[in-house]
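Reviewing the structure listed below.
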Amino acid sequence: MSAYKVADAKNLIKLDAMENPYCWPEAIQQQWLETLKNSAINRYPDPEARILCDALRNSNRLPEESALLLGNGSDEIIQILLMALPQNASVIAPEPSFVMYKQIAQSLGLNYRGIPLLSDSFDLDLPAMLANINELQPALIFLAYPNNPTGNLFDAQAIKTIIASAPGLVVIDEAYAPFADSSFIDSLSDYNNLLVMRTVSKLGLAGLRLGYLIGPIALLEQLHKLRLPYNINCLTQVTAAFALNNADFLRQQTENIRQERSLVFNALQAIANIKPYSSSANFILFKTLGASADHVFNSLKQQGVLIKNLSRQGGVLENCLRVTVGKPEENQAFLKALQAALMLN
Ligand SMILES: Cc1ncc(COP(=O)(O)O)c(C=O)c1O
């Protein structure tokens, strides 16, 4: 195995990690600092994070009958879910998808299998998914909705067929929900094996490290046995609750990012030899048709723009790069650098 490496973005325009590029308005920042003053950092945090859970319930309009489990990022929730499985359990996820499903499953010695997405549309290969479910009887299936790194929403009907056919749990990972118009939260009451996972990272609070899992009380009660008692620190609890209760500015920032996403997509489409894939998230995957992705990636970096090179993962991602949608000026700098990189080829 190799560790999950994070590139050093010092002095670069950082468009590699699907972060919200905007800071908080000055007045909101002042109010937040006042709130922080009352934090009892000499005490352990509330192990149940009750105030934060209420804020999450309200802001996501969660069904009354569902329970919540909080994690130090959704990464930790993925780890908790996988730690709950028996040693010989199988785990399935489509590929390419979020790399931590495989990374953590394999680190725990579980039987992980990636099922290739359809190469033309990046949608689920439903017959292949069902055949593998039948063969492996997986204890857990991860489906990122929208998917990272492809940016698309899988066919919702295919997902429902998978949930109905799965002998174990199905986790719909809605990390990019702020940028999509579709969710499985309303379907939670239709299934007893469905869990929806979200994060505040992409909304604009990546530094807090807070993810949450929503699902049936009986299931989450079991997962809580594996959660470390104080996994959400008090500054995260206070700050996330404050932000969610004052979320208008975050919604505005999200709207700006969605508008910029269209502009960047159209601009990419207009560049010869670049094939962008339409996205319901805050990033765009694109293929370099005439030049190698490695060359384009390195040239962009030399010009001061950091994006993500996915080409080394091979398969459908060969010659693919992923750019996070940033501020207008950052996106313009990226597009200009991309054009220069292609000219230099
Ligand atoms: C699909 C998906 N799920 C989960 C995560 C992790 O989110 P968090 O910051 O909450 O750990 C990411 C991060 O990029 C992601 O792309």
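Letters for chains follow the order of the structure tokens (A, B, ...), residue numbers begin at 1 for each chain, and ligand numbers begin at 1 in the order shown.
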Practice task
Apply DSSP to the backbone of this structure and, from range 107-174 of chain A, keep only the residues in strand (DSSP E or B); write these as a PyMOL selection string.
Solution key: chain A and resi 111-116+140-144+169-173
Handout entry: Contacts with ligand 1 at most 7 Å, only C-alpha atoms and all ligand atoms counted, listed as a PyMOL selection string
Key = chain A and resi 17-18+73-76+98+144+147-148+173-175+199-201+206+209-211
Exercise for the section: DSSP on the backbone, then: every residue of range 23-134 of chain A marked helix (DSSP H, G or I), written as JSON, numbers by chain. Expected result: {"A": [26, 27, 28, 29, 30, 31, 32, 33, 34, 35, 36, 37, 50, 51, 52, 53, 54, 55, 56, 57, 58, 59, 60, 74, 75, 76, 77, 78, 79, 80, 81, 82, 83, 99, 100, 101, 102, 103, 104, 105, 106, 107, 126, 127, 128, 129, 130, 131, 132, 133, 134]}
Output of the above residues as a PDB file, in the first residue's frame, restricted to C-alpha atoms:
ATOM      1  CA  GLU A  26     -16.009  40.172   8.127  1.00  0.00           C
ATOM      2  CA  ALA A  27     -19.209  40.653  10.178  1.00  0.00           C
ATOM      3  CA  ILE A  28     -19.883  36.918  10.360  1.00  0.00           C
ATOM      4  CA  GLN A  29     -16.275  36.297  11.338  1.00  0.00           C
ATOM      5  CA  GLN A  30     -16.598  38.742  14.242  1.00  0.00           C
ATOM      6  CA  GLN A  31     -19.794  37.055  15.501  1.00  0.00           C
ATOM      7  CA  TRP A  32     -18.112  33.666  15.248  1.00  0.00           C
ATOM      8  CA  LEU A  33     -15.098  34.832  17.255  1.00  0.00           C
ATOM      9  CA  GLU A  34     -17.457  36.076  19.971  1.00  0.00           C
ATOM     10  CA  THR A  35     -19.108  32.641  20.049  1.00  0.00           C
ATOM     11  CA  LEU A  36     -15.728  30.913  20.300  1.00  0.00           C
ATOM     12  CA  LYS A  37     -14.854  32.949  23.407  1.00  0.00           C
ATOM     13  CA  ARG A  50     -26.130  17.623  20.771  1.00  0.00           C
ATOM     14  CA  ILE A  51     -26.243  21.289  19.708  1.00  0.00           C
ATOM     15  CA  LEU A  52     -24.406  20.494  16.494  1.00  0.00           C
ATOM     16  CA  CYS A  53     -26.670  17.508  15.785  1.00  0.00           C
ATOM     17  CA  ASP A  54     -29.725  19.785  16.119  1.00  0.00           C
ATOM     18  CA  ALA A  55     -28.166  22.245  13.653  1.00  0.00           C
ATOM     19  CA  LEU A  56     -27.428  19.407  11.208  1.00  0.00           C
ATOM     20  CA  ARG A  57     -30.962  18.041  11.531  1.00  0.00           C
ATOM     21  CA  ASN A  58     -32.485  21.453  10.836  1.00  0.00           C
ATOM     22  CA  SER A  59     -30.225  22.430   7.980  1.00  0.00           C
ATOM     23  CA  ASN A  60     -30.661  19.078   6.205  1.00  0.00           C
ATOM     24  CA  SER A  74     -16.496  11.539   6.374  1.00  0.00           C
ATOM     25  CA  ASP A  75     -13.161   9.756   6.071  1.00  0.00           C
ATOM     26  CA  GLU A  76     -13.544   8.689   9.698  1.00  0.00           C
ATOM     27  CA  ILE A  77     -17.094   7.516   9.071  1.00  0.00           C
ATOM     28  CA  ILE A  78     -15.868   5.332   6.211  1.00  0.00           C
ATOM     29  CA  GLN A  79     -13.334   3.885   8.653  1.00  0.00           C
ATOM     30  CA  ILE A  80     -15.972   3.274  11.355  1.00  0.00           C
ATOM     31  CA  LEU A  81     -18.291   1.582   8.850  1.00  0.00           C
ATOM     32  CA  LEU A  82     -15.546  -0.698   7.617  1.00  0.00           C
ATOM     33  CA  MET A  83     -14.285  -1.494  11.127  1.00  0.00           C
ATOM     34  CA  VAL A  99     -10.105   6.290  -3.205  1.00  0.00           C
ATOM     35  CA  MET A 100     -10.576   6.016   0.575  1.00  0.00           C
ATOM     36  CA  TYR A 101     -13.202   3.253   0.210  1.00  0.00           C
ATOM     37  CA  LYS A 102     -10.557   0.933  -1.223  1.00  0.00           C
ATOM     38  CA  GLN A 103      -7.672   2.293   0.845  1.00  0.00           C
ATOM     39  CA  ILE A 104      -9.384   1.753   4.208  1.00  0.00           C
ATOM     40  CA  ALA A 105     -11.078  -1.533   3.246  1.00  0.00           C
ATOM     41  CA  GLN A 106      -7.751  -3.011   2.169  1.00  0.00           C
ATOM     42  CA  SER A 107      -5.909  -1.663   5.210  1.00  0.00           C
ATOM     43  CA  LEU A 126     -25.935  -2.300 -13.353  1.00  0.00           C
ATOM     44  CA  PRO A 127     -25.697  -5.889 -14.649  1.00  0.00           C
ATOM     45  CA  ALA A 128     -22.071  -6.061 -13.438  1.00  0.00           C
ATOM     46  CA  MET A 129     -22.994  -4.557 -10.061  1.00  0.00           C
ATOM     47  CA  LEU A 130     -25.835  -7.057  -9.603  1.00  0.00           C
ATOM     48  CA  ALA A 131     -23.696 -10.016 -10.702  1.00  0.00           C
ATOM     49  CA  ASN A 132     -21.005  -9.050  -8.188  1.00  0.00           C
ATOM     50  CA  ILE A 133     -23.553  -8.511  -5.433  1.00  0.00           C
ATOM     51  CA  ASN A 134     -24.886 -11.972  -6.143  1.00  0.00           C
TER      52      ASN A 134
END
Problem - Spatial neighbours of Leu62 in chain A, 12 Å, only C-alpha atoms, chain gap at least 5 places, as a list in words - result: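 Result of the neighbour search: Cys53, Asp54, Ala55, Leu56, Arg57, Ala67, Leu68, Ser183, Phe184, Ile185, Asp186, Ser187, Leu188, Ser189, Val196, Arg198, Tyr212, Leu213, Ile214, Gly215 and Pro216 of chain A.
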Kindly export the residues of the current selection with C-alpha atoms, as a PDB file, in the first residue's frame.
ATOM      1  CA  CYS A  53     -26.670  17.508  15.785  1.00  0.00           C
ATOM      2  CA  ASP A  54     -29.725  19.785  16.119  1.00  0.00           C
ATOM      3  CA  ALA A  55     -28.166  22.245  13.653  1.00  0.00           C
ATOM      4  CA  LEU A  56     -27.428  19.407  11.208  1.00  0.00           C
ATOM      5  CA  ARG A  57     -30.962  18.041  11.531  1.00  0.00           C
ATOM      6  CA  ALA A  67     -30.284   8.807  13.698  1.00  0.00           C
ATOM      7  CA  LEU A  68     -26.951  10.616  13.246  1.00  0.00           C
ATOM      8  CA  SER A 183     -30.401  13.297  -2.825  1.00  0.00           C
ATOM      9  CA  PHE A 184     -31.343   9.994  -1.200  1.00  0.00           C
ATOM     10  CA  ILE A 185     -32.238  11.567   2.150  1.00  0.00           C
ATOM     11  CA  ASP A 186     -35.931  11.357   1.279  1.00  0.00           C
ATOM     12  CA  SER A 187     -35.546   7.650   0.440  1.00  0.00           C
ATOM     13  CA  LEU A 188     -34.153   6.776   3.884  1.00  0.00           C
ATOM     14  CA  SER A 189     -37.561   5.731   5.187  1.00  0.00           C
ATOM     15  CA  VAL A 196     -26.602   8.560   3.621  1.00  0.00           C
ATOM     16  CA  ARG A 198     -22.520  13.855   4.101  1.00  0.00           C
ATOM     17  CA  TYR A 212     -22.076  12.770   9.305  1.00  0.00           C
ATOM     18  CA  LEU A 213     -23.967   9.596   8.631  1.00  0.00           C
ATOM     19  CA  ILE A 214     -27.750   9.453   8.584  1.00  0.00           C
ATOM     20  CA  GLY A 215     -29.708   6.228   8.879  1.00  0.00           C
ATOM     21  CA  PRO A 216     -31.880   3.856  10.892  1.00  0.00           C
TER      22      PRO A 216
END
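For Gly151 in chain A, the non-local neighbours within 9 Å, defined as residues at least 6 positions apart in the same chain or in other chains and counting only C-alpha atoms, are Tyr145, Tyr176, Tyr277, Ser278, Ser279, Ser280, Ala281, Asn282, Phe283, Ile284 and Leu285 of chain A.
Non-sequential neighbours of Ala337 in chain A (distance at most 12 Å, separation of 5 or more positions within a chain, only C-alpha atoms) are Ile13, Val296, Phe297, Asn298, Ser299, Leu300, Lys301, Gln302, Gln303, Gly304, Val305, Leu306, Ile307, Glu330, Asn331, Gln332, Leu342, Met343 and Leu344 of chain A.
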Selection export as a compact mmCIF listing (two decimals), in the first residue's frame, atoms kept: N, CA, C and O atoms:
# COMPACT_ATOMS: atom_id res chain seq x y z
N ILE A 13 -2.00 28.48 -7.03
CA ILE A 13 -3.46 28.61 -7.00
C ILE A 13 -3.99 27.20 -6.79
O ILE A 13 -3.74 26.30 -7.59
N VAL A 296 0.44 18.41 -19.37
CA VAL A 296 -0.45 19.54 -19.07
C VAL A 296 -0.39 19.85 -17.57
O VAL A 296 -0.27 21.01 -17.16
N PHE A 297 -0.45 18.81 -16.74
CA PHE A 297 -0.41 18.99 -15.28
C PHE A 297 0.88 19.72 -14.86
O PHE A 297 0.83 20.70 -14.11
N ASN A 298 2.01 19.23 -15.37
CA ASN A 298 3.29 19.85 -14.98
C ASN A 298 3.40 21.29 -15.46
O ASN A 298 3.89 22.16 -14.74
N SER A 299 2.91 21.52 -16.68
CA SER A 299 2.98 22.88 -17.22
C SER A 299 2.10 23.83 -16.40
O SER A 299 2.50 24.95 -16.09
N LEU A 300 0.91 23.36 -16.01
CA LEU A 300 0.03 24.19 -15.18
C LEU A 300 0.72 24.52 -13.86
O LEU A 300 0.69 25.66 -13.38
N LYS A 301 1.37 23.53 -13.30
CA LYS A 301 2.03 23.73 -12.01
C LYS A 301 3.17 24.75 -12.15
O LYS A 301 3.33 25.64 -11.30
N GLN A 302 3.91 24.62 -13.25
CA GLN A 302 4.99 25.59 -13.47
C GLN A 302 4.43 27.00 -13.62
O GLN A 302 5.08 27.98 -13.27
N GLN A 303 3.21 27.08 -14.14
CA GLN A 303 2.59 28.40 -14.30
C GLN A 303 1.85 28.83 -13.02
O GLN A 303 1.13 29.83 -13.02
N GLY A 304 1.95 28.03 -11.97
CA GLY A 304 1.39 28.45 -10.67
C GLY A 304 -0.01 27.94 -10.37
O GLY A 304 -0.67 28.45 -9.46
N VAL A 305 -0.48 26.92 -11.10
CA VAL A 305 -1.84 26.41 -10.86
C VAL A 305 -1.77 24.92 -10.53
O VAL A 305 -1.27 24.12 -11.33
N LEU A 306 -2.29 24.57 -9.36
CA LEU A 306 -2.27 23.15 -8.95
C LEU A 306 -3.66 22.53 -9.14
O LEU A 306 -4.64 22.99 -8.54
N ILE A 307 -3.74 21.50 -10.00
CA ILE A 307 -4.98 20.73 -10.12
C ILE A 307 -4.63 19.28 -9.78
O ILE A 307 -3.58 19.02 -9.20
N GLU A 330 -9.33 32.88 -10.24
CA GLU A 330 -8.54 31.64 -10.21
C GLU A 330 -8.89 30.78 -11.43
O GLU A 330 -8.01 30.18 -12.06
N ASN A 331 -10.18 30.73 -11.76
CA ASN A 331 -10.60 29.92 -12.90
C ASN A 331 -10.03 30.50 -14.20
O ASN A 331 -9.62 29.75 -15.09
N GLN A 332 -10.01 31.84 -14.28
CA GLN A 332 -9.46 32.47 -15.49
C GLN A 332 -7.96 32.16 -15.60
O GLN A 332 -7.46 31.87 -16.69
N LEU A 342 -1.18 23.82 -23.67
CA LEU A 342 -1.48 23.08 -24.89
C LEU A 342 -0.66 23.62 -26.07
O LEU A 342 -0.25 22.87 -26.94
N MET A 343 -0.42 24.95 -26.04
CA MET A 343 0.40 25.55 -27.11
C MET A 343 1.84 25.07 -27.02
O MET A 343 2.52 24.89 -28.02
N LEU A 344 2.31 24.87 -25.76
CA LEU A 344 3.70 24.48 -25.54
C LEU A 344 3.95 23.02 -25.92
O LEU A 344 5.08 22.57 -25.99
Can you tell me which residues surround Asn231 in chain A at a distance of at most 10 Å, considering only C-alpha atoms, apart from same-chain residues fewer than 4 positions away, and format the answer as a PDB file with N, CA and C atoms, in the first residue's frame?
ATOM      1  N   PRO A  45     -15.141  17.812  24.997  1.00  0.00           N
ATOM      2  CA  PRO A  45     -16.346  18.267  24.282  1.00  0.00           C
ATOM      3  C   PRO A  45     -17.560  17.395  24.604  1.00  0.00           C
ATOM      4  N   ASP A  46     -18.763  17.889  24.268  1.00  0.00           N
ATOM      5  CA  ASP A  46     -19.980  17.079  24.422  1.00  0.00           C
ATOM      6  C   ASP A  46     -19.823  15.825  23.566  1.00  0.00           C
ATOM      7  N   PRO A  47     -19.784  14.632  24.180  1.00  0.00           N
ATOM      8  CA  PRO A  47     -19.552  13.412  23.393  1.00  0.00           C
ATOM      9  C   PRO A  47     -20.675  13.138  22.394  1.00  0.00           C
ATOM     10  N   GLU A  48     -21.855  13.699  22.664  1.00  0.00           N
ATOM     11  CA  GLU A  48     -22.992  13.486  21.753  1.00  0.00           C
ATOM     12  C   GLU A  48     -23.147  14.650  20.776  1.00  0.00           C
ATOM     13  N   ALA A  49     -22.380  15.708  20.954  1.00  0.00           N
ATOM     14  CA  ALA A  49     -22.456  16.910  20.103  1.00  0.00           C
ATOM     15  C   ALA A  49     -23.900  17.320  19.836  1.00  0.00           C
ATOM     16  N   LEU A  70     -21.582  11.243  13.930  1.00  0.00           N
ATOM     17  CA  LEU A  70     -20.644  12.250  13.428  1.00  0.00           C
ATOM     18  C   LEU A  70     -19.231  11.668  13.361  1.00  0.00           C
ATOM     19  N   GLY A  71     -18.470  12.148  12.394  1.00  0.00           N
ATOM     20  CA  GLY A  71     -17.092  11.677  12.254  1.00  0.00           C
ATOM     21  C   GLY A  71     -16.136  12.831  12.034  1.00  0.00           C
ATOM     22  N   ASN A  72     -14.859  12.571  12.295  1.00  0.00           N
ATOM     23  CA  ASN A  72     -13.808  13.542  12.054  1.00  0.00           C
ATOM     24  C   ASN A  72     -13.542  13.562  10.536  1.00  0.00           C
ATOM     25  N   GLY A  73     -14.469  14.185   9.824  1.00  0.00           N
ATOM     26  CA  GLY A  73     -14.520  14.096   8.360  1.00  0.00           C
ATOM     27  C   GLY A  73     -15.296  12.842   7.985  1.00  0.00           C
ATOM     28  N   GLU A  76     -13.478   9.501   8.474  1.00  0.00           N
ATOM     29  CA  GLU A  76     -13.544   8.689   9.698  1.00  0.00           C
ATOM     30  C   GLU A  76     -14.796   7.820   9.711  1.00  0.00           C
ATOM     31  N   LEU A 210     -15.532  17.525   9.631  1.00  0.00           N
ATOM     32  CA  LEU A 210     -16.818  17.052  10.153  1.00  0.00           C
ATOM     33  C   LEU A 210     -17.621  16.382   9.042  1.00  0.00           C
ATOM     34  N   ARG A 227     -17.204   4.288  17.662  1.00  0.00           N
ATOM     35  CA  ARG A 227     -16.789   5.695  17.593  1.00  0.00           C
ATOM     36  C   ARG A 227     -16.050   6.064  18.876  1.00  0.00           C
TER      37      ARG A 227
END
Exercise for the section: Using only C-alpha atoms, determine which residues lie at most 9 Å from Leu203 in chain A, disregarding the query and same-chain residues fewer than 6 positions distant; provide the list as a ChimeraX atom specification. Expected result: /A:19-20,175-179,250-251,253-254
Closest-contact table, range 74-121 of chain A side, partner range 314-324 of chain A, 9 Å, counting only C-alpha atoms, as a Markdown table:
| residue | atom | partner | partner_atom | distance |
| --- | --- | --- | --- | --- |
| A:Pro96 | CA | A:Leu317 | CA | 7.8 |
| A:Pro116 | CA | A:Val316 | CA | 8.9 |
| A:Leu117 | CA | A:Val316 | CA | 8.6 |
| A:Leu118 | CA | A:Val316 | CA | 8.9 |
| A:Ser119 | CA | A:Val316 | CA | 6.1 |
| A:Asp120 | CA | A:Val316 | CA | 8.8 |
Handout entry: For Arg43 in chain A, the nearest of the candidates A:Phe242, A:Cys234, A:Phe154, A:Gln269, counting only C-alpha atoms
Key = A:Cys234
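Take CA of Lys275 in chain A and CA of Leu310 in chain A: the distance between them is 14.5 Å.
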Exercise for the section: Record the distance separating CA of Cys23 in chain A and CA of Ile232 in chain A, expressed in Å with one decimal. Expected result: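 Computing it gives 22.6 Å between the two atoms.
Proximity to Leu205 in chain A was assessed for A:Gln259, A:Gln237, A:Lys225, A:Lys5 counting only C-alpha atoms; the smallest distance is recorded for A:Gln237.
Picture a line from CA of Leu335 in chain A to CA of Ser262 in chain A; it runs 13.4 Å.
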